[in-house]
$ cat model-v6.csv   # CSV, C-alpha atoms
chain,number,residue,atom,x,y,z
T,200,MET,CA,21.9,-36.0,19.4
T,201,THR,CA,19.0,-34.1,21.1
T,202,VAL,CA,16.6,-32.2,19.0
T,203,LEU,CA,14.5,-29.7,21.0
T,204,PRO,CA,11.1,-28.4,20.3
T,205,ILE,CA,11.1,-25.0,18.6
T,206,THR,CA,8.8,-22.3,19.9
T,207,ILE,CA,6.3,-20.6,17.6
T,208,THR,CA,5.4,-16.9,17.5
T,209,GLY,CA,3.1,-16.1,20.4
T,210,THR,CA,5.0,-18.1,22.9
T,211,PRO,CA,5.9,-15.6,25.6
T,212,VAL,CA,9.6,-16.4,25.8
T,213,LEU,CA,9.9,-15.2,22.2
T,214,HIS,CA,8.5,-11.8,23.0
T,215,ALA,CA,10.6,-10.7,26.0
T,216,PRO,CA,14.3,-9.8,26.4
T,217,ALA,CA,16.5,-12.8,27.3
T,218,ARG,CA,18.6,-12.8,30.4
T,219,GLU,CA,22.3,-12.6,30.5
T,220,VAL,CA,24.1,-15.9,31.2
T,221,ALA,CA,25.7,-15.5,34.6
T,222,VAL,CA,27.7,-18.8,34.8
T,223,VAL,CA,28.7,-21.0,31.9
T,224,ASP,CA,28.4,-24.6,33.3
T,225,ASP,CA,27.7,-28.0,31.9
T,226,ASN,CA,24.0,-27.3,31.5
T,227,ILE,CA,24.8,-24.3,29.2
T,228,ARG,CA,27.3,-26.3,27.2
T,229,THR,CA,24.8,-29.1,26.7
T,230,LEU,CA,22.1,-26.5,25.7
T,231,ILE,CA,24.5,-25.2,23.0
T,232,VAL,CA,25.2,-28.6,21.6
T,233,ASP,CA,21.4,-29.4,21.6
T,234,MET,CA,20.8,-26.1,19.8
T,235,PHE,CA,23.2,-27.0,17.1
T,236,ASP,CA,21.5,-30.4,16.7
T,237,THR,CA,18.1,-28.7,16.6
T,238,MET,CA,19.2,-26.0,14.0
T,239,ARG,CA,20.7,-28.7,11.7
T,240,ALA,CA,17.6,-30.9,12.0
T,241,ALA,CA,15.2,-28.1,11.2
T,242,PRO,CA,17.2,-27.2,9.0
T,243,GLY,CA,18.2,-23.6,9.7
T,244,VAL,CA,21.2,-21.3,9.6
T,245,GLY,CA,20.8,-19.9,13.1
T,246,LEU,CA,18.9,-20.5,16.3
T,247,ALA,CA,18.6,-18.5,19.5
T,248,ALA,CA,17.9,-19.9,23.0
T,249,PRO,CA,14.4,-18.4,23.3
T,250,GLN,CA,13.5,-20.4,20.2
T,251,VAL,CA,14.0,-23.6,22.3
T,252,GLY,CA,12.2,-22.1,25.2
T,253,VAL,CA,15.2,-20.8,27.2
T,254,ASP,CA,15.3,-17.1,28.1
T,255,LEU,CA,19.1,-16.8,27.9
T,256,GLN,CA,21.4,-14.7,25.7
T,257,ILE,CA,22.8,-17.5,23.5
T,258,PHE,CA,22.6,-18.2,19.8
T,259,VAL,CA,24.3,-20.6,17.3
T,260,TRP,CA,24.8,-20.3,13.6
T,261,GLU,CA,26.1,-22.4,10.7
T,262,PHE,CA,26.2,-20.9,7.1
T,263,ASP,CA,27.9,-22.4,4.1
T,264,GLY,CA,28.9,-19.0,2.6
T,265,HIS,CA,26.7,-19.3,-0.5
T,266,SER,CA,23.5,-17.3,-1.0
T,267,ILE,CA,22.0,-15.4,-3.9
T,268,TYR,CA,22.2,-12.3,-1.8
T,269,ASP,CA,25.9,-12.7,-1.3
T,270,ARG,CA,26.4,-13.3,-5.0
T,271,TYR,CA,24.5,-10.1,-5.7
T,272,LEU,CA,26.6,-8.0,-3.2
T,273,ARG,CA,29.8,-9.4,-4.6
T,274,ARG,CA,28.8,-8.6,-8.2
T,275,SER,CA,26.8,-5.4,-7.9
T,276,HIS,CA,28.4,-3.7,-4.9
T,277,HIS,CA,31.9,-5.3,-4.9
T,278,VAL,CA,31.5,-6.4,-1.3
T,279,ASP,CA,34.3,-8.8,-0.3
T,280,ILE,CA,32.3,-11.7,1.3
T,281,PRO,CA,34.1,-15.0,2.1
T,282,ARG,CA,32.7,-18.1,0.5
T,283,GLU,CA,33.6,-20.6,3.3
T,284,THR,CA,31.4,-22.0,6.0
T,285,SER,CA,31.0,-20.1,9.2
T,286,SER,CA,29.8,-21.9,12.3
T,287,GLY,CA,29.8,-20.9,15.9
T,288,HIS,CA,28.0,-19.9,19.0
T,289,VAL,CA,28.0,-16.9,21.2
T,290,ILE,CA,27.0,-16.2,24.8
T,291,ASN,CA,25.9,-12.7,26.0
T,292,PRO,CA,26.5,-11.2,22.5
T,293,ARG,CA,26.8,-7.6,21.4
T,294,LEU,CA,26.3,-6.5,17.8
T,295,GLU,CA,27.6,-3.4,16.0
T,296,LEU,CA,26.0,-2.6,12.6
T,297,SER,CA,27.0,-0.4,9.7
T,298,GLN,CA,26.6,-0.1,6.0
T,299,TRP,CA,22.9,0.2,5.4
T,300,ARG,CA,22.2,0.4,1.7
T,301,ASP,CA,19.7,3.0,0.4
T,302,ASP,CA,18.6,1.2,-2.7
T,303,SER,CA,15.2,-0.4,-3.0
T,304,LEU,CA,14.3,-3.6,-1.2
T,305,ASP,CA,14.8,-6.7,-3.4
T,306,ARG,CA,11.7,-8.9,-2.8
T,307,GLU,CA,13.5,-12.1,-3.7
T,308,ARG,CA,17.2,-11.7,-2.7
T,309,GLU,CA,16.3,-10.2,0.7
T,310,ARG,CA,13.7,-12.8,1.7
T,311,GLU,CA,14.1,-13.9,5.3
T,312,GLY,CA,12.5,-16.8,7.2
T,313,CYS,CA,12.4,-17.9,10.8
T,314,LEU,CA,12.0,-21.3,12.5
T,315,SER,CA,9.6,-19.7,14.9
T,316,VAL,CA,7.3,-18.6,12.0
T,317,PRO,CA,7.8,-21.9,10.0
T,318,GLY,CA,7.0,-22.1,6.4
T,319,TYR,CA,6.9,-18.4,5.6
T,320,ASP,CA,9.4,-15.9,4.4
T,321,TYR,CA,9.2,-12.1,3.6
T,322,PRO,CA,11.7,-9.5,2.4
T,323,LEU,CA,13.4,-7.3,5.0
T,324,ARG,CA,16.2,-4.8,4.8
T,325,ARG,CA,19.2,-5.5,7.1
T,326,ALA,CA,22.6,-3.9,7.5
T,327,ASP,CA,25.2,-5.6,5.2
T,328,HIS,CA,28.0,-5.4,7.8
T,329,ALA,CA,28.0,-6.5,11.4
T,330,VAL,CA,30.6,-7.1,14.1
T,331,LEU,CA,29.6,-9.8,16.7
T,332,THR,CA,31.3,-9.9,20.1
T,333,GLY,CA,30.7,-12.0,23.2
T,334,SER,CA,32.1,-15.2,24.7
T,335,ASP,CA,32.1,-18.9,23.9
T,336,MET,CA,31.3,-21.9,26.1
T,337,VAL,CA,34.9,-22.3,27.3
T,338,GLY,CA,35.2,-18.6,28.3
T,339,HIS,CA,37.1,-17.2,25.3
T,340,GLU,CA,36.1,-13.8,24.0
T,341,ILE,CA,35.0,-13.9,20.4
T,342,ARG,CA,34.8,-11.3,17.7
T,343,VAL,CA,33.4,-12.1,14.2
T,344,GLU,CA,33.1,-9.6,11.4
T,345,ALA,CA,30.4,-10.5,9.0
T,346,ARG,CA,29.1,-9.2,5.7
T,347,GLY,CA,26.1,-10.1,3.6
T,348,TRP,CA,24.0,-13.0,4.6
T,349,LEU,CA,26.0,-13.9,7.7
T,350,ALA,CA,25.5,-10.3,8.9
T,351,ARG,CA,21.8,-10.9,8.4
T,352,ILE,CA,21.9,-14.1,10.4
T,353,PHE,CA,23.6,-12.3,13.3
T,354,GLN,CA,21.0,-9.5,13.2
T,355,HIS,CA,18.1,-12.0,13.1
T,356,GLU,CA,19.4,-14.1,16.0
T,357,TYR,CA,20.4,-11.1,18.1
T,358,ASP,CA,16.9,-9.7,17.6
T,359,HIS,CA,15.5,-12.9,19.2
T,360,LEU,CA,17.5,-12.1,22.3
T,361,LEU,CA,15.8,-8.7,22.4
T,362,GLY,CA,12.3,-10.3,22.1
T,363,THR,CA,11.9,-9.2,18.5
T,364,LEU,CA,11.0,-11.5,15.6
T,365,TYR,CA,11.9,-10.6,12.0
T,366,VAL,CA,8.1,-10.3,11.2
T,367,ASP,CA,8.0,-7.5,13.8
T,368,ARG,CA,10.3,-5.5,11.5
T,369,LEU,CA,8.5,-6.0,8.2
T,370,THR,CA,7.1,-3.0,6.3
T,371,SER,CA,4.0,-2.7,4.3
T,372,PRO,CA,2.6,-4.8,2.5
T,373,PHE,CA,4.6,-7.6,4.0
T,374,ASP,CA,3.7,-6.9,7.6
T,375,GLU,CA,0.0,-7.3,6.8
T,376,ALA,CA,0.7,-10.5,4.9
T,377,ALA,CA,2.7,-11.9,7.9
T,378,GLN,CA,-0.1,-11.0,10.3
T,379,ARG,CA,-2.7,-12.8,8.1
T,380,ALA,CA,-0.5,-15.9,7.9
T,381,VAL,CA,0.0,-16.0,11.7
T,382,ALA,CA,-3.8,-15.6,12.2
T,383,ARG,CA,-4.5,-18.3,9.6
T,384,GLU,CA,-2.2,-20.8,11.3
T,385,GLY,CA,-3.7,-20.1,14.7
T,386,TRP,CA,-0.4,-18.8,16.1
T,387,GLY,CA,0.3,-15.7,18.1
T,388,VAL,CA,-1.3,-16.8,21.3
T,389,GLY,CA,-0.3,-19.3,23.9
T,390,ALA,CA,2.7,-21.6,24.0
T,391,LEU,CA,3.1,-23.5,20.7
T,392,SER,CA,6.0,-25.4,19.3
T,393,TRP,CA,7.1,-27.9,16.7
T,394,THR,CA,9.9,-30.5,16.7
T,395,PRO,CA,12.1,-31.0,13.7
T,396,GLN,CA,12.3,-34.6,12.5
T,397,GLY,CA,15.8,-34.3,11.1
$ encode --input "model-v6.csv" --output "structure tokens"
Amino acid sequence: MTVLPITITGTPVLHAPAREVAVVDDNIRTLIVDMFDTMRAAPGVGLAAPQVGVDLQIFVWEFDGHSIYDRYLRRSHHVDIPRETSSGHVINPRLELSQWRDDSLDREREREGCLSVPGYDYPLRRADHAVLTGSDMVGHEIRVEARGWLARIFQHEYDHLLGTLYVDRLTSPFDEAAQRAVAREGWGVGALSWTPQG
């Protein structure tokens, strides 16, 4: 098991678009395994390669299928969301989104966090449906249709590959609160990281 350091906001690799993976070799496969180890140790539900200092279009995820947000969507919006665990990785992903709700942002159910802004979470509206495509480490094409929190995970990690953190998408007053937190922590400049202890 190899747990990698996780980059913190302000580290340049987090704020630039990641490169496409040209060749999937043993180094890429080892990176993916290490990303899973790091995500689980953190713990988190997703991790993108830029978060471990690698500017490549790769992310991993593992979600148990249970969240207060999914329960809300099932109950209030009759969205059919599976309750089983979803785990996987994707190389050179593409993401299609649909089904943006127009109701008000729920400050508790829609709170999102990030391992690159550790210890903070803020509410953010995301699409409730996403279709992820790309390939895996053995060259198979993948397609995963996601609703609810899993769709949110895909959007969050895909954003990392574009050089965007979720705090960059926050609206007032949460964007100001996040900026104050980053300044208070001394983040936002230079190359900083932390290493999960598992």
$ residues_around --input "model-v6.csv" --residues "T:Gln378" --least-positions-apart "3" --cutoff "12 Å" --atoms "only C-alpha atoms" --output "list of chain:residue names"
T:Thr208, T:Gly209, T:Val316, T:Tyr319, T:Tyr321, T:Val366, T:Asp367, T:Arg368, T:Leu369, T:Thr370, T:Ser371, T:Pro372, T:Phe373, T:Asp374, T:Glu375, T:Val381, T:Ala382, T:Arg383, T:Glu384, T:Gly385, T:Trp386, T:Gly387
$ closest_residue --input "model-v6.csv" --among "T:Thr229, T:Gln250, T:Gln396, T:Thr284" --to "T:Ile205" --atoms "only C-alpha atoms"
T:Gln250
$ atom_distance --input "model-v6.csv" --atom1 "atom CA of T:Val223" --atom2 "atom CA of T:Ile257"
10.8 Å
$ atom_distance --input "model-v6.csv" --atom1 "atom CA of T:Gly252" --atom2 "atom CA of T:Gln354"
19.5 Å
$ residues_around --input "model-v6.csv" --residues "T:Arg346" --least-positions-apart "3" --cutoff "8 Å" --atoms "only C-alpha atoms" --output "compact mmCIF listing (two decimals) with C-alpha atoms, keeping the file's coordinate frame"
# COMPACT_ATOMS: atom_id res chain seq x y z
CA VAL T 278 31.50 -6.40 -1.30
CA ASP T 279 34.30 -8.80 -0.30
CA ILE T 280 32.30 -11.70 1.30
CA ASP T 327 25.20 -5.60 5.20
CA HIS T 328 28.00 -5.40 7.80
CA ALA T 329 28.00 -6.50 11.40
CA LEU T 349 26.00 -13.90 7.70
CA ALA T 350 25.50 -10.30 8.90
CA ARG T 351 21.80 -10.90 8.40
$ atom_distance --input "model-v6.csv" --atom1 "atom CA of T:Glu356" --atom2 "atom CA of T:Asp302"
24.2 Å
$ closest_residue --input "model-v6.csv" --among "T:Pro322, T:Pro292, T:Gly312, T:Pro317" --to "T:Ser334" --atoms "all atoms listed in the file"
T:Pro292
$ closest_residue --input "model-v6.csv" --among "T:Asp335, T:Glu340, T:His214, T:Pro204" --to "T:Tyr365" --atoms "only C-alpha atoms"
T:His214
$ build_atoms --input "model-v6.csv" --residues "stretch 320-338 of chain T" --atoms "N, CA and C atoms" --output "tab-separated table (two decimals), in the coordinates of the input"
chain	number	residue	atom	x	y	z
T	320	ASP	N	8.30	-16.76	4.47
T	320	ASP	CA	9.40	-15.90	4.40
T	320	ASP	C	8.99	-14.57	3.67
T	321	TYR	N	9.61	-13.48	4.10
T	321	TYR	CA	9.20	-12.10	3.60
T	321	TYR	C	10.52	-11.31	3.46
T	322	PRO	N	10.50	-10.34	2.54
T	322	PRO	CA	11.70	-9.50	2.40
T	322	PRO	C	11.83	-8.47	3.48
T	323	LEU	N	13.08	-8.27	3.90
T	323	LEU	CA	13.40	-7.30	5.00
T	323	LEU	C	14.77	-6.76	4.74
T	324	ARG	N	14.91	-5.46	4.88
T	324	ARG	CA	16.20	-4.80	4.80
T	324	ARG	C	16.98	-4.98	6.07
T	325	ARG	N	18.24	-5.37	5.94
T	325	ARG	CA	19.20	-5.50	7.10
T	325	ARG	C	20.45	-4.75	6.71
T	326	ALA	N	21.25	-4.48	7.72
T	326	ALA	CA	22.60	-3.90	7.50
T	326	ALA	C	23.44	-5.02	6.80
T	327	ASP	N	24.35	-4.61	5.92
T	327	ASP	CA	25.20	-5.60	5.20
T	327	ASP	C	26.51	-5.85	5.92
T	328	HIS	N	26.72	-5.23	7.07
T	328	HIS	CA	28.00	-5.40	7.80
T	328	HIS	C	27.64	-5.46	9.29
T	329	ALA	N	28.20	-6.43	10.01
T	329	ALA	CA	28.00	-6.50	11.40
T	329	ALA	C	29.23	-7.08	12.12
T	330	VAL	N	29.47	-6.61	13.33
T	330	VAL	CA	30.60	-7.10	14.10
T	330	VAL	C	29.95	-7.72	15.41
T	331	LEU	N	30.13	-9.02	15.58
T	331	LEU	CA	29.60	-9.80	16.70
T	331	LEU	C	30.69	-9.97	17.74
T	332	THR	N	30.40	-9.64	18.99
T	332	THR	CA	31.30	-9.90	20.10
T	332	THR	C	30.57	-10.62	21.20
T	333	GLY	N	31.29	-11.31	22.04
T	333	GLY	CA	30.70	-12.00	23.20
T	333	GLY	C	31.71	-13.06	23.64
T	334	SER	N	31.23	-14.16	24.20
T	334	SER	CA	32.10	-15.20	24.70
T	334	SER	C	31.60	-16.57	24.22
T	335	ASP	N	32.48	-17.58	24.30
T	335	ASP	CA	32.10	-18.90	23.90
T	335	ASP	C	31.94	-19.80	25.17
T	336	MET	N	31.65	-21.07	24.97
T	336	MET	CA	31.30	-21.90	26.10
T	336	MET	C	32.55	-22.32	26.96
T	337	VAL	N	33.75	-21.99	26.49
T	337	VAL	CA	34.90	-22.30	27.30
T	337	VAL	C	35.50	-20.96	27.89
T	338	GLY	N	34.77	-19.86	27.72
T	338	GLY	CA	35.20	-18.60	28.30
T	338	GLY	C	36.04	-17.70	27.48
